[in-house]
Structure formats: structure tokens, C-alpha cells
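Student: Quick one: structure below, then a few questions.
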Amino acid sequence: MFGLLVAWGVLTGVLIILLIYRSTLTMHEDDSIFLHETESQMHKDQVEVLAKMNKITPIVKVLGALSGVMILVIAGLFIYQGLSNSTTLQ
């Protein structure tokens, strides 16, 4: 049980770090871009931000789902252990 809690904590910690990183990326994202030849660097920066976001988003979804499933399994095991201990005491 302790090993599952540690694994869940590490997984959730990585998820939180990725969420913070993703939020710092979106701070630099603009809603609209006015493209002129003089602003080509701005366009390149936005393409880079979008590529990073597209790379991180599936990882965040998978880690979020794994974290949710793990906490449900841990809660289920905790409840099962509690019920099995209470029935042996009677």
C-alpha cells in the first residue's frame, strides 16, 4: 500500500510540474498574430509554442488519467482492507 502511495505521489508530482510548465507556455501565446515581414520572428515563436503545447497535451492527459485511476485503486484497497479487518474482529 505504501508503494502505491509513493508511486501515485511521484506521478502526480510530475503531472503538476507539467501543468505548471504548460501554463507558462500559454502565457506567451498570443490570440492573434499580425503577419508582416518584420514580424516573422514573432510568427516563429508562436509556432514553437504551439509545437510544445501539442507535444505536452497528450502526456498531461495520460498522466492525469493514470493519477485518477491510481487514487481510485488506492481508495478501493483502503476500503477493502478496512472492511476485511472489521469482519475479522467480530
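In the C-alpha cells, the first chain shown is A, the next is B, and so on; residue numbers restart at 1 for each chain, and ligands run from 1 in the order shown.
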Would you give me, as a PyMOL selection string, the residues in chain A that DSSP reads as alpha helix (DSSP H)?
Tutor: chain A and resi 2-27+40-89
Student: In Å, how far is it from CA of Phe78 (chain A) to CA of Met1 (chain A)?
Tutor: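 Atom-to-atom, CA of Phe78 (chain A) and CA of Met1 (chain A) are spaced 8.3 Å apart.
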Student: Would you kindly return, as a PyMOL selection string, each protein, DNA or RNA residue with an atom no farther than 12 Å from any atom of region 50-65 of chain A, considering only C-alpha atoms and excluding same-chain residues fewer than 6 positions away?
Tutor: chain A and resi 8-31+43-44+71-72
Student: Restricted to C-alpha atoms, what would the selected residues look like written as a compact mmCIF listing (two decimals), in the first residue's frame?
Tutor:
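Now in selection-v6.txt:
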```txt
# COMPACT_ATOMS: atom_id res chain seq x y z
CA TRP A 8 0.94 7.96 -7.01
CA GLY A 9 2.74 10.87 -5.34
CA VAL A 10 5.58 10.79 -7.85
CA LEU A 11 3.18 10.50 -10.79
CA THR A 12 1.03 13.35 -9.52
CA GLY A 13 4.13 15.47 -8.85
CA VAL A 14 5.27 15.04 -12.45
CA LEU A 15 1.75 15.90 -13.61
CA ILE A 16 1.73 19.10 -11.55
CA ILE A 17 5.13 20.12 -12.92
CA LEU A 18 3.90 19.58 -16.49
CA LEU A 19 0.73 21.57 -15.78
CA ILE A 20 2.79 24.47 -14.45
CA TYR A 21 5.08 24.31 -17.49
CA ARG A 22 2.09 24.25 -19.82
CA SER A 23 0.58 27.27 -18.11
CA THR A 24 3.83 29.22 -18.52
CA LEU A 25 3.80 28.33 -22.22
CA THR A 26 0.26 29.59 -22.67
CA MET A 27 1.18 32.90 -21.05
CA HIS A 28 3.44 33.55 -24.03
CA GLU A 29 0.83 32.53 -26.59
CA ASP A 30 -0.99 35.29 -28.43
CA ASP A 31 -4.59 35.09 -29.57
CA HIS A 43 5.38 34.01 -36.01
CA LYS A 44 8.26 31.55 -35.48
CA ILE A 71 -6.05 7.10 -6.47
CA LEU A 72 -9.26 5.12 -7.10
```
Student: Separation of CA of Ile79 (chain A) and CA of Leu4 (chain A), in Å?
Tutor: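 That distance, rounded to one decimal, is 14.7 Å.
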